[in-house]
Amino acid sequence: MKTVKLFFLSLLLMGQLAGAPMVTPEAVARQYKEPLVRVFEYRDILKGVHPFVKHLYPIAIAKDGYFYVFDLNADQTQYELKFHSPTNMPVPEGVRAAFPLDFYGGKAACIVTGDVFDTPQGYVTIFHEFIHCHQWETVETALRQSLPLARHAQENQDYMWEMSYPFPYGEKSVEETYRRFVHALDLGDEEAIWLNRKALQSMLSPFDYQYMAWQEWKEGFALFIENKLRHQLGLENNRVGRSGSLSRLAFYAGGEAYIKYLLKENPALETDLEALFLNLLEI
């Protein structure tokens, strides 16, 4: 897969190939032994919030030009350093992502720098990224194959479409309608929810509408789980996408709000990711 290299093109500046590690892999394993133990501790505290939270995935820590991939041991009782590979590009401190690693058998992993372990919010972010890993490992591939936009992007070798799709964010009517839609969700105004969703479908091209629904599903669901975890720990909600001009981040907030609305009518959607996406895509 070209995923890991192409994904980072949207986040990072291209750099030179890394040389030898500045520290030994054994030293890195010792450095992160205790922080990774705390991932299990947080999992045990938070696993009652949602069934998906019990699933742990590889964690790739970017350090000194290398990815150090920690994965579960055979008993799934601790993380062990399984692999390390040059990043081939500079990774900024604070990166948070999740995607399949081509150099690690295509397994989905949480991609972070070591500062993620400094705060409770950082551990919640790890579980946010684990939700993306769960999406990938369960239904995402099939959904991509069924989505015309994703198939079109694949046919055109546009591996960056999730990050760079030219959604008409700058069109005033689109921005105003989407903001009205989210406001109606916050109020629980069913008529306004339907009218504004229908208006979005009318004013957007089929690919634009599919892109919006895809981001609402992928990022909105992860944010929905993240804020449930934050609530469990007594942390403030992540209100990403709630302010500023319309951007991809608005679909995080809008997706979370729409998912919460849909779950009131059909709670089973909370664990049926395929059905959840289809509900987001339909009117």
# chains A, B, ... in the order shown; residues from 1 in each chain; ligands from 1
call {"tool": "residues_around", "arguments": {"residues": "stretch 255-267 of chain A", "least_positions_apart": "2", "cutoff": "9 Å", "atoms": "only C-alpha atoms", "output": "list in words"}}
result
Val182, Leu185, Asp186, Gly188, Met212, Ala213, Gln215, Glu216, Trp217, Lys218, Glu219, Gly220, Phe221, Ala222, Leu223, Phe224, Ile225, Ala250, Phe251, Tyr252, Ala253, Leu269, Glu270, Thr271, Leu276, Asn279 and Leu280 of chain A
call {"tool": "residues_around", "arguments": {"residues": "stretch 128-137 of chain A", "least_positions_apart": "6", "cutoff": "7 Å", "atoms": "only C-alpha atoms", "output": "tab-separated table (two decimals) with C-alpha atoms, in the first residue's frame"}}
result
chain	number	residue	atom	x	y	z
A	56	LEU	CA	-6.28	-2.24	21.37
A	57	TYR	CA	-4.19	-1.72	18.25
A	97	ALA	CA	-3.23	9.94	13.18
A	98	ALA	CA	-4.32	6.41	12.34
A	99	PHE	CA	-3.82	4.49	9.12
A	108	ALA	CA	-3.81	-0.16	11.05
A	109	ALA	CA	-1.95	1.69	13.78
A	110	CYS	CA	-2.21	4.75	15.98
A	222	ALA	CA	-14.47	8.90	16.51
A	223	LEU	CA	-15.25	12.28	18.07
A	225	ILE	CA	-16.59	8.13	21.25
A	226	GLU	CA	-13.81	10.50	22.31
call {"tool": "atom_distance", "arguments": {"atom1": "atom CA of A:Val53", "atom2": "atom CA of A:Ala27"}}
result
29.3 Å
call {"tool": "residues_around", "arguments": {"residues": "A:Val112", "least_positions_apart": "5", "cutoff": "7 Å", "atoms": "only C-alpha atoms", "output": "list in words"}}
result
Ala60, Ile61, Ala62, Gly94, Val95, Arg96 and Ala97 of chain A
call {"tool": "closest_residue", "arguments": {"among": "A:Arg38, A:Lys107, A:His152, A:His50", "to": "A:Val69", "atoms": "only C-alpha atoms"}}
result
A:Lys107
call {"tool": "residues_around", "arguments": {"residues": "A:Arg179", "least_positions_apart": "3", "cutoff": "12 Å", "atoms": "only C-alpha atoms", "output": "ChimeraX atom specification"}}
result
/A:169,172-176,182-186,192-193,196-197,200,241-247,250-251,253-254,257
call {"tool": "atom_distance", "arguments": {"atom1": "atom CA of A:Lys33", "atom2": "atom CA of A:Thr125"}}
result
18.6 Å
call {"tool": "select_by_dssp", "arguments": {"residues": "stretch 149-205 of chain A", "states": "alpha helix (DSSP H)", "output": "NGL selection string"}}
result
:A and (149-155 or 161-164 or 172-187 or 190-203)
call {"tool": "closest_residue", "arguments": {"among": "A:Phe103, A:Phe117, A:Arg248, A:Ile45", "to": "A:Ser164", "atoms": "only C-alpha atoms"}}
result
A:Arg248
call {"tool": "residues_around", "arguments": {"residues": "A:Thr77", "least_positions_apart": "2", "cutoff": "12 Å", "atoms": "only C-alpha atoms", "output": "JSON, numbers by chain"}}
result
{"A": [36, 37, 38, 39, 40, 41, 43, 44, 56, 71, 72, 73, 74, 75, 79, 80]}
